[in-house]
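Note sheet for the following structure.
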Amino acid sequence: MLKQDNYKNTAYFQRRSIRSFVDKEVEEWKVKAILEAFFNTQTAKNQQGWEIIVINDKELMQKIRKVHYYGRALETSPVCFIVTSVPNYNEVLKSPKRIEQDLGAATHQICLMARDLGLGSVWCGVYPTEDIEKPIKEILNIPEDVMVFSLVAVGYGAEEKEPNDKFFPEKVHYNGW
Ligand SMILES: Cc1cc2nc3c(=O)[nH]c(=O)nc-3n(C[C@H](O)[C@H](O)[C@H](O)COP(=O)(O)O)c2cc1C
């Protein structure tokens with residue numbers, strides 16, 4: 001249980017976007033741990049409408065980097081996770097309108113787990129930017145009716161950042177606006 005003097009030593013605060021990585025593989029068990037964290041994300045109506053692609057091939061990583069114009073992190077990341085919906089999500093899910101919320105929560109879960117494993121990560125948005133999503137689909141042979149929501153570059157960080165410590169009391173409302 002966290003206490004008043006140590007709750008900031010948690011991934012919620014310590015996680016930062018890391019965009020450069022040292023040349024070191026991520027251990028298999030850590031990749032598996034991240035996948036498990038991903039699959040244990042809460043989802044609307046427990047619909048679990050996600051799938052995920054692990055990229056650990058350097059050439060493929062650079063192909064994706066070329067089409068993701070905000071994906072500088074992919075230049076050095078040893079592994080990246082591409083978060084997608086299931087095929088045909090509009091027809092098969094109980095709550096398709098909530099799929100983006102589900103996939104956002106799952107993406108954040110990857111980043112938090114990475115931090116807890118001593119890894120750096122950065123969430124790179126894909127959906128709804130068509131000119132990023134479409135070429136990624138082509139490169140990876142992803143079916144047309146799948147939403148490619150995000151990708152998360154992961155590795156051992158080559159940069160250190162201060163923890164986040166934001167708090168905006170003026171944006172907090174109690175019992176009404
Ligand atoms: C929806 C979303 C999309 C993002 N897309 C990118 C991206 O394409 N490339 C990138 O380097 N960072 C991206 N980021 C990371 C943000 O830039 C970063 O979280 C923000 O600057 C705050 O920094 P911090 O994560 O270190 O707290 C994205 C974050 C979110 C939540």
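Chain labels follow the order of the structure tokens: the first chain is A, the next B, and so on; residue numbering restarts at 1 in every chain, and ligands are counted from 1 in their shown order.
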
Out of chain A, which residues get strand (DSSP E or B) from DSSP, as number ranges by chain? A: 17, 21, 50-55, 79-85, 120-125, 148-155, 157

Please produce, as a Markdown table, a per-residue contact table for chain A versus ligand 1 (criterion: any atom at most 8 Å away, only C-alpha atoms and all ligand atoms considered), showing the nearest atom pair and its distance in Å to one decimal, sorted by chain then residue number.
| residue | atom | partner | partner_atom_place_in_ligand_line | distance |
| --- | --- | --- | --- | --- |
| A:Arg15 | CA | ligand 1 | 26 (O) | 6.9 |
| A:Arg16 | CA | ligand 1 | 26 (O) | 3.5 |
| A:Ser17 | CA | ligand 1 | 26 (O) | 3.8 |
| A:Ile18 | CA | ligand 1 | 26 (O) | 7.0 |
| A:Arg19 | CA | ligand 1 | 11 (O) | 6.4 |
| A:His68 | CA | ligand 1 | 8 (O) | 7.4 |
| A:Tyr69 | CA | ligand 1 | 8 (O) | 7.5 |
| A:Tyr70 | CA | ligand 1 | 8 (O) | 4.4 |
| A:Gly71 | CA | ligand 1 | 9 (N) | 5.2 |
| A:Arg72 | CA | ligand 1 | 11 (O) | 6.4 |
| A:Ala73 | CA | ligand 1 | 11 (O) | 6.4 |
| A:Gly104 | CA | ligand 1 | 1 (C) | 7.5 |
| A:His108 | CA | ligand 1 | 31 (C) | 7.9 |
| A:Val122 | CA | ligand 1 | 12 (N) | 5.8 |
| A:Trp123 | CA | ligand 1 | 28 (C) | 4.9 |
| A:Cys124 | CA | ligand 1 | 8 (O) | 3.6 |
| A:Gly125 | CA | ligand 1 | 3 (C) | 3.8 |
| A:Val126 | CA | ligand 1 | 8 (O) | 7.1 |
| A:Ser150 | CA | ligand 1 | 3 (C) | 7.6 |
| A:Lys161 | CA | ligand 1 | 26 (O) | 7.7 |
| A:Asn164 | CA | ligand 1 | 27 (O) | 6.2 |

All residues 12 Å or closer to Lys24 in chain A, only C-alpha atoms, same chain fewer than 3 positions away omitted, as an mmCIF file with N, CA and C atoms, in the first residue's frame:
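Resulting contents of result.cif:
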data_model
loop_
_atom_site.group_PDB
_atom_site.id
_atom_site.type_symbol
_atom_site.label_atom_id
_atom_site.label_comp_id
_atom_site.auth_asym_id
_atom_site.auth_seq_id
_atom_site.Cartn_x
_atom_site.Cartn_y
_atom_site.Cartn_z
ATOM 1 N N SER A 20 14.650 7.978 -27.261
ATOM 2 C CA SER A 20 15.900 7.387 -27.769
ATOM 3 C C SER A 20 16.334 6.270 -26.812
ATOM 4 N N PHE A 21 16.857 5.212 -27.407
ATOM 5 C CA PHE A 21 17.104 3.973 -26.674
ATOM 6 C C PHE A 21 18.519 3.478 -26.923
ATOM 7 N N GLU A 27 14.335 -8.198 -22.908
ATOM 8 C CA GLU A 27 14.201 -9.622 -22.607
ATOM 9 C C GLU A 27 12.793 -10.116 -22.965
ATOM 10 N N ASN A 56 9.906 -6.646 -33.781
ATOM 11 C CA ASN A 56 11.279 -6.679 -33.230
ATOM 12 C C ASN A 56 12.311 -6.884 -34.338
ATOM 13 N N THR A 76 15.595 4.001 -32.876
ATOM 14 C CA THR A 76 16.465 3.244 -31.961
ATOM 15 C C THR A 76 15.721 2.208 -31.111
ATOM 16 N N SER A 77 14.398 2.156 -31.188
ATOM 17 C CA SER A 77 13.678 1.216 -30.300
ATOM 18 C C SER A 77 13.903 -0.230 -30.762
ATOM 19 N N PRO A 78 14.257 -1.139 -29.837
ATOM 20 C CA PRO A 78 14.428 -2.540 -30.226
ATOM 21 C C PRO A 78 13.100 -3.269 -30.419
ATOM 22 N N VAL A 79 12.059 -2.744 -29.812
ATOM 23 C CA VAL A 79 10.751 -3.400 -29.949
ATOM 24 C C VAL A 79 9.661 -2.334 -29.996
ATOM 25 N N LEU A 119 11.929 0.059 -18.277
ATOM 26 C CA LEU A 119 12.059 0.381 -19.704
ATOM 27 C C LEU A 119 11.480 1.759 -19.988
ATOM 28 N N VAL A 154 9.417 0.846 -27.446
ATOM 29 C CA VAL A 154 9.892 0.448 -26.105
ATOM 30 C C VAL A 154 11.361 0.019 -26.169
ATOM 31 N N GLY A 155 12.090 0.326 -25.126
ATOM 32 C CA GLY A 155 13.474 -0.128 -25.025
ATOM 33 C C GLY A 155 14.106 0.430 -23.759
ATOM 34 N N TYR A 156 15.402 0.137 -23.607
ATOM 35 C CA TYR A 156 16.134 0.734 -22.487
ATOM 36 C C TYR A 156 16.495 2.159 -22.867
ATOM 37 N N GLY A 157 16.070 3.104 -22.061
ATOM 38 C CA GLY A 157 16.183 4.511 -22.410
ATOM 39 C C GLY A 157 17.623 4.997 -22.508
ATOM 40 N N ALA A 158 17.848 5.858 -23.494
ATOM 41 C CA ALA A 158 19.149 6.536 -23.608
ATOM 42 C C ALA A 158 19.019 7.973 -23.139
#

I'd like the interatomic distance between CA of Ser85 in chain A and CA of Asp57 in chain A, to a tenth of an Å. 22.2 Å

Need the shell around Val148 in chain A: protein/DNA/RNA residues with any atom at most 12 Å away, counting only C-alpha atoms. Skip same-chain ones fewer than 6 positions apart. Format as JSON, numbers by chain? {"A": [50, 51, 52, 53, 81, 82, 83, 84, 85, 86, 87, 89, 99, 100, 103, 104, 107, 124, 125, 126, 127, 128, 129, 130, 131, 132, 133, 134, 135, 136, 137, 138, 140, 141, 142]}

Select, from A:Val54, A:Asn88, A:Glu144, A:Ile139, the residue with the minimum atom-to-atom distance to Val31 in chain A, counting only C-alpha atoms.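 Closest residue, counting only C-alpha atoms: A:Val54.
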
In Å, with one decimal, what is the gap from CA of Gln48 in chain A to CA of Met61 in chain A? 26.6 Å

With DSSP run on the backbone, what are the alpha helix (DSSP H) residues within range 79-167 of chain A? I'd like them as a PyMOL selection string. chain A and resi 89-92+99-116+130-140

If I take CA of Val146 in chain A and CA of Lys94 in chain A, how far is one from the other in Å, to one decimal? 15.9 Å

Check the smallest atom-to-atom distance from each of A:Asp102, A:Asp5, A:Glu75, A:Glu159 to Thr41 in chain A using only C-alpha atoms, then report the winner. A:Asp102

Can you pull out the residues contacting Lys30 in chain A? Cut-off 10 Å, using only C-alpha atoms, and skip same-chain residues under 3 positions away; I want them as JSON, numbers by chain. {"A": [26, 27, 33, 34, 35, 36, 113, 114, 117, 118, 119]}

So which one's closest to Glu25 in chain A, A:Val92, A:Ile64, A:Cys80, A:Met1? Using only C-alpha atoms, please.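 Looking at the shortest contact to Glu25 in chain A, the residue is A:Cys80.
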
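With distances restricted to only C-alpha atoms, A:Ser121 is the closest residue to Leu74 in chain A from A:Gln14, A:Glu91, A:Asp116, A:Ser121.
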
Go through A:Leu93, A:Ala37, A:Val22, A:Met147 and flag the residue nearest Ala106 in chain A, using only C-alpha atoms for the distances.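 Using only C-alpha atoms, Ala106 in chain A sits closest to A:Ala37.
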
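Of the listed residues (A:Gln42, A:Val67, A:Asp165, A:Asp23), A:Asp165 comes nearest to Tyr7 in chain A; the distances count only C-alpha atoms.
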